[in-house]
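Asks: Sharing query.txt, compact mmCIF, C-alpha atoms:
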```txt
# COMPACT_ATOMS: atom_id res chain seq x y z
CA MET B 153 139.75 -14.22 66.66
CA THR B 154 140.63 -16.19 69.76
CA VAL B 155 141.05 -14.12 72.92
CA SER B 156 143.79 -15.17 75.32
CA LEU B 157 143.07 -15.70 78.97
CA VAL B 158 145.27 -12.70 79.85
CA GLU B 159 143.26 -10.34 77.62
CA TRP B 160 139.84 -11.45 78.86
CA PRO B 161 137.97 -8.38 80.14
CA ARG B 162 136.50 -8.01 83.59
CA SER B 163 133.29 -6.01 83.68
CA SER B 164 131.60 -4.11 86.47
CA ALA B 165 129.83 -5.90 89.29
CA ARG B 166 126.50 -4.48 88.08
CA VAL B 167 126.90 -5.92 84.55
CA ARG B 168 128.07 -9.27 85.92
CA GLU B 169 124.90 -9.37 88.03
CA LEU B 170 122.77 -8.57 84.98
CA LEU B 171 124.54 -11.32 83.06
CA ARG B 172 123.87 -13.78 85.87
CA ARG B 173 120.16 -12.88 85.92
CA GLY B 174 119.94 -13.23 82.16
CA ALA B 175 121.68 -16.60 82.28
CA GLU B 176 119.09 -17.83 84.80
CA ILE B 177 116.38 -17.03 82.23
CA ALA B 178 118.35 -18.66 79.40
CA LEU B 179 118.85 -21.81 81.46
CA GLN B 180 115.11 -22.51 81.13
CA PRO B 181 114.36 -21.62 77.50
CA PRO B 182 110.76 -21.88 76.21
CA GLU B 183 110.11 -24.74 73.82
CA GLU B 184 109.66 -22.38 70.87
CA TRP B 185 113.19 -21.01 71.38
CA ILE B 186 114.60 -24.52 71.29
CA GLU B 187 112.64 -25.46 68.17
CA GLU B 188 113.73 -22.25 66.41
CA MET B 189 117.36 -23.02 67.22
CA HIS B 190 117.05 -26.60 65.95
CA ALA B 191 115.36 -25.49 62.73
CA ALA B 192 118.11 -22.97 62.03
CA ALA B 193 120.91 -25.39 62.91
CA LEU B 194 119.68 -28.05 60.49
CA GLY B 195 118.23 -25.76 57.82
CA GLY B 196 121.33 -24.75 55.87
CA VAL B 197 122.16 -26.23 52.47
CA ARG B 198 125.40 -27.70 53.78
CA MET B 199 123.48 -29.41 56.60
CA THR B 200 121.16 -31.43 54.34
CA THR B 201 123.08 -34.69 54.84
CA VAL B 202 122.97 -34.26 58.61
CA ALA B 203 119.31 -33.20 58.65
CA ASP B 204 118.29 -36.24 56.56
CA ASP B 205 119.95 -38.68 58.96
CA PRO B 206 117.79 -39.14 62.10
CA VAL B 207 120.73 -40.11 64.32
CA LEU B 208 123.01 -37.27 63.17
CA ALA B 209 120.14 -34.77 63.34
CA GLU B 210 119.24 -35.80 66.88
CA GLY B 211 122.90 -35.67 67.93
CA THR B 212 123.17 -32.15 66.52
CA ARG B 213 120.04 -31.07 68.39
CA ARG B 214 121.31 -32.50 71.65
CA THR B 215 124.76 -30.93 71.39
CA ASN B 216 123.45 -27.49 70.42
CA LEU B 217 121.01 -27.45 73.31
CA ALA B 218 123.68 -28.78 75.67
CA ASN B 219 126.06 -26.00 74.56
CA MET B 220 123.46 -23.30 75.21
CA LEU B 221 122.63 -24.66 78.67
CA HIS B 222 126.34 -25.10 79.47
CA TRP B 223 127.04 -21.45 78.61
CA ALA B 224 124.10 -20.27 80.72
CA ALA B 225 125.08 -22.44 83.71
CA ALA B 226 128.68 -21.21 83.53
CA ASN B 227 127.53 -17.59 83.63
CA ILE B 228 125.34 -18.25 86.64
CA HIS B 229 128.33 -19.75 88.45
CA ASP B 230 130.89 -17.12 87.35
CA PRO B 231 129.24 -14.32 85.34
CA GLY B 232 131.41 -12.84 82.59
CA ALA B 233 134.26 -15.33 82.85
CA ARG B 234 135.44 -17.17 79.76
CA VAL B 235 133.31 -20.31 79.34
CA SER B 236 135.15 -23.59 78.92
CA VAL B 237 134.39 -25.94 76.03
CA ASN B 238 131.65 -28.47 76.73
CA LEU B 239 133.37 -31.65 75.51
CA THR B 240 131.11 -34.26 77.06
CA GLY B 241 130.99 -37.85 75.85
CA GLU B 242 127.83 -37.05 73.91
CA VAL B 243 129.51 -34.18 72.06
CA LEU B 244 132.51 -36.36 71.21
CA ASP B 245 130.16 -39.09 69.95
CA THR B 246 128.63 -36.56 67.57
CA ALA B 247 132.09 -35.66 66.21
CA ARG B 248 132.87 -39.34 65.66
CA ASP B 249 129.55 -39.97 63.95
CA LEU B 250 130.07 -37.07 61.53
CA VAL B 251 133.45 -38.46 60.51
CA ARG B 252 132.09 -41.98 60.10
CA ARG B 253 129.54 -40.60 57.64
CA GLY B 254 132.38 -39.04 55.65
CA LEU B 255 131.44 -35.48 56.65
CA GLY B 256 133.94 -32.70 57.17
CA GLU B 257 134.15 -29.56 59.28
CA SER B 258 131.43 -27.88 57.21
CA SER B 259 128.99 -30.05 59.18
CA LEU B 260 129.82 -27.86 62.20
CA ASP B 261 127.91 -25.01 60.57
CA SER B 262 125.07 -25.86 62.94
CA TYR B 263 127.02 -24.31 65.80
CA ARG B 264 127.20 -20.98 63.97
CA THR B 265 123.56 -20.92 62.91
CA ALA B 266 122.40 -21.97 66.37
CA GLN B 267 124.56 -19.16 67.77
CA SER B 268 122.77 -16.56 65.62
CA VAL B 269 119.36 -17.66 66.92
CA ALA B 270 120.60 -17.79 70.51
CA TRP B 271 122.06 -14.29 70.16
CA ARG B 272 118.74 -12.81 68.99
CA ARG B 273 116.96 -14.39 71.93
CA TRP B 274 119.70 -13.28 74.30
CA MET B 275 119.34 -9.66 73.13
CA ASP B 276 115.62 -9.85 73.97
CA ILE B 277 116.59 -10.97 77.48
CA CYS B 278 119.16 -8.19 77.83
CA PHE B 279 116.72 -5.44 76.79
CA GLY B 280 114.38 -6.69 79.49
CA LEU B 281 117.07 -6.47 82.19
CA THR B 282 118.01 -2.77 82.04
CA ASP B 283 117.02 0.52 80.43
CA ASP B 284 120.36 2.17 81.16
CA PRO B 285 122.22 2.71 77.83
CA ALA B 286 125.69 2.38 79.33
CA GLU B 287 124.83 -0.82 81.20
CA LEU B 288 123.14 -2.26 78.14
CA ARG B 289 126.13 -1.50 75.91
CA GLU B 290 128.58 -3.11 78.33
CA LEU B 291 126.30 -6.12 78.84
CA LEU B 292 125.89 -6.71 75.10
CA GLU B 293 129.60 -6.28 74.40
CA LEU B 294 130.57 -8.77 77.10
CA SER B 295 127.85 -11.21 76.02
CA SER B 296 128.87 -11.04 72.36
CA LEU B 297 132.50 -11.72 73.22
CA SER B 298 131.55 -14.56 75.58
CA ILE B 299 129.20 -16.33 73.17
CA SER B 300 131.36 -15.97 70.06
CA THR B 301 134.51 -17.09 71.88
CA PHE B 302 132.72 -20.09 73.39
CA ILE B 303 131.48 -21.17 69.94
CA ASP B 304 134.91 -20.56 68.36
CA ASP B 305 136.56 -22.67 71.05
CA THR B 306 133.92 -25.38 70.65
CA VAL B 307 134.29 -25.57 66.88
CA SER B 308 138.10 -25.69 67.20
CA ALA B 309 137.89 -28.51 69.73
CA MET B 310 135.37 -30.42 67.61
CA SER B 311 137.53 -29.99 64.51
CA ALA B 312 140.53 -31.37 66.37
CA ARG B 313 138.49 -34.31 67.58
CA MET B 314 137.20 -35.00 64.07
CA GLU B 315 140.74 -34.91 62.70
CA ALA B 316 141.87 -37.42 65.31
CA GLU B 317 138.88 -39.64 64.58
CA ARG B 318 139.57 -39.41 60.86
CA ALA B 319 143.11 -40.62 61.48
CA ASP B 320 141.80 -43.57 63.53
CA LEU B 321 139.36 -44.55 60.80
CA THR B 322 142.10 -44.85 58.20
CA ARG B 323 143.57 -47.82 60.06
CA GLY B 324 142.30 -51.38 60.52
CA THR B 325 139.79 -53.72 58.91
CA HIS B 326 136.72 -51.75 60.03
CA ALA B 327 138.00 -48.71 58.17
CA GLU B 328 138.66 -50.78 55.07
CA ARG B 329 135.16 -52.23 55.23
CA ARG B 330 133.54 -48.79 55.61
CA GLN B 331 135.55 -47.42 52.71
CA THR B 332 134.67 -50.36 50.46
CA VAL B 333 130.97 -50.08 51.24
CA ALA B 334 131.08 -46.32 50.60
CA LEU B 335 132.62 -46.93 47.18
CA LEU B 336 130.00 -49.56 46.32
CA LEU B 337 127.13 -47.29 47.37
CA GLU B 338 128.55 -44.44 45.30
CA GLY B 339 128.70 -46.70 42.25
CA ALA B 340 132.50 -46.57 41.96
CA PRO B 341 133.99 -49.11 39.49
CA ILE B 342 135.56 -51.31 42.16
CA PRO B 343 136.11 -54.93 41.00
CA THR B 344 133.50 -57.21 42.54
CA GLY B 345 136.04 -59.87 43.51
CA ARG B 346 138.20 -57.39 45.37
CA ALA B 347 135.18 -55.88 47.13
CA GLU B 348 133.95 -59.31 48.22
CA SER B 349 137.41 -60.16 49.55
CA GLN B 350 137.61 -56.94 51.56
CA LEU B 351 134.08 -57.30 52.93
CA GLY B 352 134.00 -61.06 53.47
CA HIS B 353 130.53 -60.93 51.93
CA ARG B 354 129.17 -62.17 48.60
CA LEU B 355 127.75 -59.47 46.35
CA SER B 356 126.38 -61.78 43.66
CA GLY B 357 123.53 -63.28 45.69
CA PRO B 358 120.41 -61.94 47.39
CA HIS B 359 120.54 -59.00 49.82
CA THR B 360 118.19 -57.53 52.38
CA ALA B 361 119.57 -54.37 53.97
CA ALA B 362 118.63 -52.93 57.35
CA VAL B 363 119.42 -49.84 59.36
CA ILE B 364 119.47 -50.43 63.12
CA TRP B 365 119.64 -47.38 65.38
CA SER B 366 118.97 -46.16 68.87
CA ASP B 367 119.39 -43.20 71.16
CA ALA B 368 123.04 -42.71 71.95
CA GLY B 369 124.05 -44.03 75.34
CA ALA B 370 126.53 -46.14 77.22
CA ASP B 371 124.78 -49.37 76.20
CA ALA B 372 124.04 -48.37 72.59
CA ALA B 373 126.70 -50.57 70.98
CA ARG B 374 125.67 -53.65 72.98
CA GLU B 375 121.98 -53.11 72.26
CA LEU B 376 122.59 -52.62 68.54
CA GLU B 377 124.66 -55.79 68.26
CA ALA B 378 122.03 -57.76 70.17
CA VAL B 379 119.30 -56.62 67.79
CA ALA B 380 121.53 -57.32 64.77
CA ASP B 381 121.95 -60.86 66.08
CA THR B 382 118.19 -61.21 66.57
CA VAL B 383 117.51 -60.01 63.04
CA THR B 384 120.14 -62.36 61.61
CA LYS B 385 118.80 -65.39 63.48
CA ALA B 386 115.29 -64.60 62.23
CA THR B 387 116.52 -65.34 58.70
CA GLU B 388 117.76 -68.76 59.89
CA GLY B 389 121.26 -67.68 59.02
CA ARG B 390 124.41 -66.59 60.79
CA ASP B 391 126.08 -64.48 58.14
CA ARG B 392 125.72 -60.75 57.69
CA LEU B 393 127.77 -57.78 56.62
CA THR B 394 127.93 -55.14 59.35
CA VAL B 395 129.15 -51.57 59.06
CA VAL B 396 129.30 -49.31 62.12
CA ALA B 397 127.81 -46.14 60.67
CA SER B 398 127.87 -44.20 63.96
CA ALA B 399 127.95 -44.73 67.70
CA ALA B 400 124.21 -45.36 67.58
CA THR B 401 123.70 -46.82 64.09
CA LEU B 402 124.53 -50.08 62.33
CA TRP B 403 124.11 -50.81 58.64
CA ILE B 404 123.70 -54.50 57.89
CA TRP B 405 123.15 -56.65 54.82
CA LEU B 406 121.66 -60.14 55.13
CA PRO B 407 122.19 -62.74 52.37
CA THR B 408 118.49 -63.47 52.07
CA ALA B 409 115.71 -62.80 49.58
CA THR B 410 113.11 -62.64 52.36
CA ALA B 411 112.90 -59.87 54.94
CA PRO B 412 113.03 -61.16 58.54
CA PRO B 413 109.52 -61.59 60.05
CA ILE B 414 110.14 -59.22 62.95
CA ARG B 415 107.69 -56.55 64.06
CA ARG B 416 108.64 -55.89 67.67
CA LEU B 417 111.74 -56.11 69.83
CA PRO B 418 110.31 -56.22 73.37
CA GLU B 419 113.71 -56.81 74.99
CA HIS B 420 115.25 -53.82 73.22
CA THR B 421 112.60 -51.11 73.29
CA GLY B 422 115.10 -48.29 72.63
CA VAL B 423 116.28 -49.78 69.33
CA ARG B 424 114.56 -49.39 65.97
CA VAL B 425 114.98 -51.20 62.66
CA ALA B 426 114.22 -50.17 59.07
CA PHE B 427 114.43 -52.74 56.27
CA GLY B 428 114.85 -52.26 52.55
CA ARG B 429 113.19 -54.60 50.08
CA PRO B 430 115.18 -57.72 49.14
CA GLY B 431 117.35 -57.30 46.06
CA HIS B 432 119.88 -59.27 44.05
CA GLY B 433 123.44 -58.57 43.03
CA LEU B 434 125.26 -55.28 43.39
CA ASP B 435 122.25 -53.22 42.29
CA GLY B 436 120.14 -54.98 44.91
CA PHE B 437 122.84 -54.35 47.53
CA ARG B 438 122.65 -50.61 46.87
CA ARG B 439 118.90 -50.31 46.32
CA SER B 440 117.94 -52.24 49.44
CA HIS B 441 120.24 -50.06 51.55
CA PHE B 442 118.89 -46.79 50.16
CA GLN B 443 115.34 -48.04 50.75
CA ALA B 444 116.23 -48.85 54.35
CA LEU B 445 117.63 -45.32 54.79
CA ALA B 446 114.47 -43.81 53.28
CA THR B 447 112.33 -45.89 55.64
CA GLN B 448 114.42 -44.76 58.60
CA ARG B 449 114.02 -41.10 57.59
CA LEU B 450 110.24 -41.42 57.29
CA MET B 451 109.93 -43.11 60.68
CA ALA B 452 111.93 -40.26 62.21
CA GLN B 453 110.04 -37.51 60.38
CA LEU B 454 106.69 -38.88 61.53
CA ALA B 455 108.02 -39.60 65.04
CA SER B 456 106.47 -43.00 64.44
CA PRO B 457 105.74 -45.25 67.43
CA GLN B 458 106.45 -48.31 65.26
CA GLN B 459 109.66 -50.06 66.25
CA VAL B 460 110.26 -52.04 63.05
CA ALA B 461 109.28 -51.18 59.48
CA GLY B 462 109.94 -52.38 55.98
CA HIS B 463 110.09 -50.22 52.88
CA GLU B 464 106.91 -51.78 51.52
CA ASP B 465 105.14 -50.86 54.78
CA VAL B 466 105.74 -47.14 54.37
CA ARG B 467 105.63 -46.56 50.61
CA LEU B 468 102.01 -45.43 50.62
CA VAL B 469 102.50 -43.34 53.75
CA SER B 470 105.56 -41.70 52.19
CA LEU B 471 103.52 -40.60 49.19
CA LEU B 472 100.60 -39.43 51.31
CA THR B 473 102.69 -37.41 53.80
CA SER B 474 104.98 -35.49 51.45
CA ASP B 475 102.98 -32.30 52.23
CA PRO B 476 102.37 -32.17 56.02
CA THR B 477 99.69 -29.48 55.80
CA ALA B 478 97.75 -31.33 53.12
CA THR B 479 98.13 -34.54 55.13
CA ASP B 480 96.62 -32.97 58.24
CA GLU B 481 93.71 -31.60 56.20
CA PHE B 482 93.12 -35.00 54.60
CA LEU B 483 93.07 -36.72 58.00
CA ALA B 484 90.69 -34.17 59.48
CA ASP B 485 88.33 -34.23 56.50
CA THR B 486 88.33 -38.03 56.21
CA LEU B 487 88.36 -39.21 59.81
CA GLY B 488 86.75 -36.37 61.75
CA ASP B 489 86.43 -37.37 65.41
CA LEU B 490 87.55 -40.94 64.66
CA GLY B 491 91.10 -39.57 64.38
CA THR B 492 91.17 -39.01 68.14
CA ALA B 493 89.02 -41.99 69.15
CA ASP B 494 90.17 -44.81 71.42
CA VAL B 495 92.68 -47.31 70.06
CA ASP B 496 90.21 -50.23 70.08
CA THR B 497 87.72 -48.45 67.82
CA ILE B 498 90.41 -47.32 65.37
CA GLU B 499 92.04 -50.75 65.26
CA THR B 500 88.67 -52.42 64.69
CA VAL B 501 87.96 -50.26 61.65
CA ARG B 502 91.46 -50.83 60.28
CA THR B 503 91.18 -54.60 60.74
CA TRP B 504 87.64 -54.72 59.29
CA ILE B 505 88.87 -53.03 56.11
CA ALA B 506 91.91 -55.33 55.94
CA GLU B 507 89.58 -58.33 56.28
CA GLN B 508 87.53 -57.10 53.30
CA CYS B 509 84.68 -55.87 55.51
CA ASN B 510 84.07 -59.32 56.98
CA THR B 511 82.84 -58.93 60.56
CA SER B 512 83.39 -62.55 61.61
CA ARG B 513 87.01 -62.63 60.42
CA THR B 514 87.61 -59.26 62.08
CA ALA B 515 86.35 -60.64 65.39
CA GLU B 516 88.61 -63.69 65.10
CA ARG B 517 91.66 -61.59 64.31
CA LEU B 518 91.03 -59.21 67.21
CA TYR B 519 90.05 -62.02 69.63
CA ALA B 520 86.80 -60.13 70.23
CA HIS B 521 83.12 -61.08 70.16
CA ARG B 522 81.33 -60.39 66.89
CA ASN B 523 78.82 -58.12 68.65
CA THR B 524 81.72 -56.10 70.07
CA VAL B 525 83.05 -55.54 66.56
CA ILE B 526 79.60 -54.47 65.36
CA ARG B 527 79.28 -51.95 68.22
CA ARG B 528 82.71 -50.50 67.51
CA LEU B 529 81.96 -50.14 63.79
CA ALA B 530 78.68 -48.40 64.62
CA ARG B 531 80.56 -46.07 66.96
CA ALA B 532 83.08 -45.34 64.19
CA ASP B 533 80.27 -44.39 61.80
CA GLU B 534 79.02 -41.90 64.40
CA LEU B 535 82.46 -40.30 64.58
CA LEU B 536 83.24 -40.26 60.85
CA PRO B 537 82.05 -37.42 58.57
CA ARG B 538 80.81 -40.15 56.19
CA PRO B 539 80.08 -43.82 57.00
CA VAL B 540 83.11 -46.03 56.53
CA ALA B 541 81.38 -48.20 53.92
CA ALA B 542 80.72 -45.10 51.79
CA ASN B 543 84.31 -43.87 51.91
CA LEU B 544 86.32 -47.07 52.24
CA VAL B 545 89.46 -46.17 50.26
CA ASP B 546 90.01 -42.76 51.85
CA VAL B 547 89.39 -44.09 55.37
CA ALA B 548 91.83 -46.95 54.79
CA ALA B 549 94.51 -44.54 53.56
CA ALA B 550 93.92 -42.14 56.48
CA LEU B 551 94.13 -44.93 59.05
CA GLU B 552 97.38 -46.15 57.49
CA ILE B 553 98.87 -42.68 57.95
CA LEU B 554 97.58 -42.60 61.51
CA ARG B 555 99.29 -45.92 62.26
CA TRP B 556 102.71 -44.40 61.63
CA ARG B 557 102.15 -41.27 63.67
CA PRO B 558 102.46 -40.89 67.45
CA HIS B 559 99.27 -41.91 69.24
CA ASP B 560 98.91 -38.41 70.75
CA HIS B 561 99.59 -36.54 67.48
```
Show me, as structure tokens, the structure contained in the file I just sent.

Replies:
Amino acid sequence: MTVSLVEWPRSSARVRELLRRGAEIALQPPEEWIEEMHAAALGGVRMTTVADDPVLAEGTRRTNLANMLHWAAANIHDPGARVSVNLTGEVLDTARDLVRRGLGESSLDSYRTAQSVAWRRWMDICFGLTDDPAELRELLELSSLSISTFIDDTVSAMSARMEAERADLTRGTHAERRQTVALLLEGAPIPTGRAESQLGHRLSGPHTAAVIWSDAGADAARELEAVADTVTKATEGRDRLTVVASAATLWIWLPTATAPPIRRLPEHTGVRVAFGRPGHGLDGFRRSHFQALATQRLMAQLASPQQVAGHEDVRLVSLLTSDPTATDEFLADTLGDLGTADVDTIETVRTWIAEQCNTSRTAERLYAHRNTVIRRLARADELLPRPVAANLVDVAAALEILRWRPHDH
């Protein structure tokens, strides 16, 4: 139920002061509160599509946290007053991205689930502010009305924005292209000739798909296009099919049977790229795209420091990291203290294994003296539970997992 401005209650000065003090606490929430809220917001069955998409998931996290901090700040400024909707550019970007993925208002469930977590934490704060039953009752009643009305107003505003965005997307060539690609990915029986005409892209030849994404920001679109151009030029071609999947994500298909030889994008450090394996024909068009999406998800799940990855790069890691607890145990048992050693020692062991245990080739590849390589390998053996030569396969697998994790994991 939406409460009109005329009906909004005005509580006692004492309760407004308690609300202000509580809001000051809520404005600096502990990290575990934030993580609990994020887990709840993305944990529902209807949120699976959002949770599996790194850009949508991050947008949902940002907007939920921003809403909580906005409510707290408003109640510090004017305790107990109705809190206005927090329609920042970032929140509106999230609404647009949800629509571009074909998602409806059910994707706003995260606001409700985040609200339930925030309410439990808020009650803990309130019980720490006063022991007086009458004050506590009035404080909780006002807080409940304030929080629920703020979320209701936010969801209504987001729904309206999504409806307007949906109307915009039904017009123009970009909308037609998105719709055609969606049908092709779903396996709909759309005639190939008509699809090629609508896309301006051949479906009968080779395809290498990529997902290009970044943190949302004012320069996101320009950065994404620049990287898309770089990737295209790396294939010695100029043609590509581009679909704007969100404000911070591009889907592209390159008419090539060879993935671009790109590993770093030093001029665009905030942008990341995930490639699928090259394919052929309509099946290859779909499969390469879904592989690129799977690669993107894995990079996000592992919080990987790698900027560019291909599906073949992460297949082994994907299999080895499906159970996070078992993965951590495997790393600890296999690597021991080497898992937290300096980068040079770890990279020397990884390169030595890749060079089939040849010390001279390892030194050449690392631009290091052979004696330096020998010292580092000896140091690694001191740190490992078992010498590397006696446990080569497991150490190689563990170091591959480590390569895709943050350096301070």

Asks: At a cut-off of 9 Å, using all atoms listed in the file, what residues contact Leu217 of chain B? Leave out same-chain residues fewer than 3 positions from it and give the result as a list in words.

Replies: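 After dropping sequence-adjacent residues, the list is Ile186, Met189, His190, Thr212, Arg213, Arg214, Met220, Leu221, His222 and Ala266 of chain B.
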
Asks: Would you list the contacts of Val423 of chain B as a list in words, taking every protein, DNA or RNA residue within 8 Å and counting all atoms listed in the file, but skipping same-chain residues closer than 5 positions in sequence?

Replies: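 Skipping anything fewer than 5 positions along the chain leaves Ile364, Trp365, Ser366, Asp367, Glu375, Leu376, Val379, Leu417 and Gln459 of chain B.
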
Asks: Could you tell me which of B:Arg467, B:Arg289, B:Arg449, B:His441 comes closest to His359 of chain B if we count all atoms listed in the file?

Replies: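 Going through B:Arg467, B:Arg289, B:Arg449, B:His441 one by one, the smallest distance to His359 of chain B is for B:His441.
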
Asks: If I take atom CA of Ile526 of chain B and atom CA of Ala506 of chain B, how far is one from the other in Å, to one decimal?

Replies: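 So the answer is 15.5 Å.
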
Asks: Taking 3 positions as the minimum chain separation for residues in the same chain, which residues sit within 10 Å of Gln180 of chain B when counting only C-alpha atoms? Answer as a list of chain:residue names.

Replies: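 Near neighbours after the sequence-gap exclusion: B:Ala175, B:Glu176, B:Ile177, B:Glu183, B:Leu221, B:Ala224.
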
Asks: Tell me, in Å to one decimal, how far atom CA of Val396 of chain B is from atom CA of Leu445 of chain B.

Replies: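 Going from atom CA of Val396 of chain B over to atom CA of Leu445 of chain B, I get 14.3 Å.
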
Asks: Would you mind telling me which residue in B:Thr479, B:Trp185, B:Glu377, B:Ser512 lies nearest to Val395 of chain B when using all atoms listed in the file?

Replies: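 Distance minimum relative to Val395 of chain B lands on B:Glu377.
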
Asks: Which residue out of B:Arg248, B:Arg374, B:Arg513, B:Arg354 has the minimum interatomic distance to Glu317 of chain B when all atoms listed in the file are used?

Replies: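 The shortest atom-to-atom distance to Glu317 of chain B comes from B:Arg248.
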
Asks: Could you check the closest approach to Ala203 of chain B for each of B:Thr265, B:Thr382, B:Gln453, B:Ser163 and tell me which residue wins, using only C-alpha atoms?

Replies: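 With only C-alpha atoms as the atom set, the closest residue is B:Gln453.
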
Asks: Using only C-alpha atoms, what residues lie at most 12 Å away from (127.7, -28.4, 71.9) (file coordinates), given as an MDAnalysis selection string?

Replies: chainID B and resid 193 211:223 236:247 260:264 266:267 302:310

Asks: Hey, which of B:Thr408, B:Thr492, B:Ser295, B:Ser474 ends up closest to Leu554 of chain B? Count all atoms listed in the file.

Replies: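 Answer, going by the shortest atom-to-atom distance: B:Thr492.
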
Asks: Give me segment 274-287 of chain B with N, CA, C and O atoms filled in, as a PDB file, in the frame of the given file.

Replies:
```
ATOM      1  N   TRP B 274     118.962 -13.847  73.174  1.00  0.00           N
ATOM      2  CA  TRP B 274     119.700 -13.280  74.300  1.00  0.00           C
ATOM      3  C   TRP B 274     119.541 -11.753  74.330  1.00  0.00           C
ATOM      4  O   TRP B 274     119.406 -11.163  75.405  1.00  0.00           O
ATOM      5  N   MET B 275     119.541 -11.118  73.155  1.00  0.00           N
ATOM      6  CA  MET B 275     119.340  -9.660  73.130  1.00  0.00           C
ATOM      7  C   MET B 275     117.970  -9.301  73.698  1.00  0.00           C
ATOM      8  O   MET B 275     117.831  -8.302  74.408  1.00  0.00           O
ATOM      9  N   ASP B 276     116.945 -10.091  73.395  1.00  0.00           N
ATOM     10  CA  ASP B 276     115.620  -9.850  73.970  1.00  0.00           C
ATOM     11  C   ASP B 276     115.684  -9.882  75.491  1.00  0.00           C
ATOM     12  O   ASP B 276     115.065  -9.051  76.174  1.00  0.00           O
ATOM     13  N   ILE B 277     116.432 -10.864  76.016  1.00  0.00           N
ATOM     14  CA  ILE B 277     116.590 -10.970  77.480  1.00  0.00           C
ATOM     15  C   ILE B 277     117.289  -9.729  78.018  1.00  0.00           C
ATOM     16  O   ILE B 277     116.860  -9.130  79.021  1.00  0.00           O
ATOM     17  N   CYS B 278     118.371  -9.328  77.350  1.00  0.00           N
ATOM     18  CA  CYS B 278     119.160  -8.190  77.830  1.00  0.00           C
ATOM     19  C   CYS B 278     118.339  -6.900  77.868  1.00  0.00           C
ATOM     20  O   CYS B 278     118.421  -6.110  78.825  1.00  0.00           O
ATOM     21  N   PHE B 279     117.532  -6.656  76.827  1.00  0.00           N
ATOM     22  CA  PHE B 279     116.720  -5.440  76.790  1.00  0.00           C
ATOM     23  C   PHE B 279     115.646  -5.445  77.878  1.00  0.00           C
ATOM     24  O   PHE B 279     115.123  -4.374  78.229  1.00  0.00           O
ATOM     25  N   GLY B 280     115.338  -6.619  78.398  1.00  0.00           N
ATOM     26  CA  GLY B 280     114.380  -6.690  79.490  1.00  0.00           C
ATOM     27  C   GLY B 280     115.023  -6.566  80.858  1.00  0.00           C
ATOM     28  O   GLY B 280     114.318  -6.499  81.869  1.00  0.00           O
ATOM     29  N   LEU B 281     116.355  -6.517  80.905  1.00  0.00           N
ATOM     30  CA  LEU B 281     117.070  -6.470  82.190  1.00  0.00           C
ATOM     31  C   LEU B 281     117.395  -5.052  82.632  1.00  0.00           C
ATOM     32  O   LEU B 281     117.468  -4.775  83.831  1.00  0.00           O
ATOM     33  N   THR B 282     117.619  -4.140  81.670  1.00  0.00           N
ATOM     34  CA  THR B 282     118.010  -2.770  82.040  1.00  0.00           C
ATOM     35  C   THR B 282     117.627  -1.791  80.946  1.00  0.00           C
ATOM     36  O   THR B 282     117.614  -2.133  79.763  1.00  0.00           O
ATOM     37  N   ASP B 283     117.297  -0.571  81.373  1.00  0.00           N
ATOM     38  CA  ASP B 283     117.020   0.520  80.430  1.00  0.00           C
ATOM     39  C   ASP B 283     118.185   1.491  80.343  1.00  0.00           C
ATOM     40  O   ASP B 283     118.141   2.449  79.566  1.00  0.00           O
ATOM     41  N   ASP B 284     119.212   1.260  81.139  1.00  0.00           N
ATOM     42  CA  ASP B 284     120.360   2.170  81.160  1.00  0.00           C
ATOM     43  C   ASP B 284     121.239   1.915  79.934  1.00  0.00           C
ATOM     44  O   ASP B 284     121.749   0.788  79.765  1.00  0.00           O
ATOM     45  N   PRO B 285     121.447   2.921  79.070  1.00  0.00           N
ATOM     46  CA  PRO B 285     122.220   2.710  77.830  1.00  0.00           C
ATOM     47  C   PRO B 285     123.646   2.226  78.074  1.00  0.00           C
ATOM     48  O   PRO B 285     124.142   1.357  77.351  1.00  0.00           O
ATOM     49  N   ALA B 286     124.297   2.767  79.070  1.00  0.00           N
ATOM     50  CA  ALA B 286     125.690   2.380  79.330  1.00  0.00           C
ATOM     51  C   ALA B 286     125.763   0.936  79.813  1.00  0.00           C
ATOM     52  O   ALA B 286     126.631   0.163  79.381  1.00  0.00           O
ATOM     53  N   GLU B 287     124.853   0.573  80.727  1.00  0.00           N
ATOM     54  CA  GLU B 287     124.830  -0.820  81.200  1.00  0.00           C
ATOM     55  C   GLU B 287     124.511  -1.785  80.065  1.00  0.00           C
ATOM     56  O   GLU B 287     125.137  -2.840  79.942  1.00  0.00           O
TER      57      GLU B 287
END
```
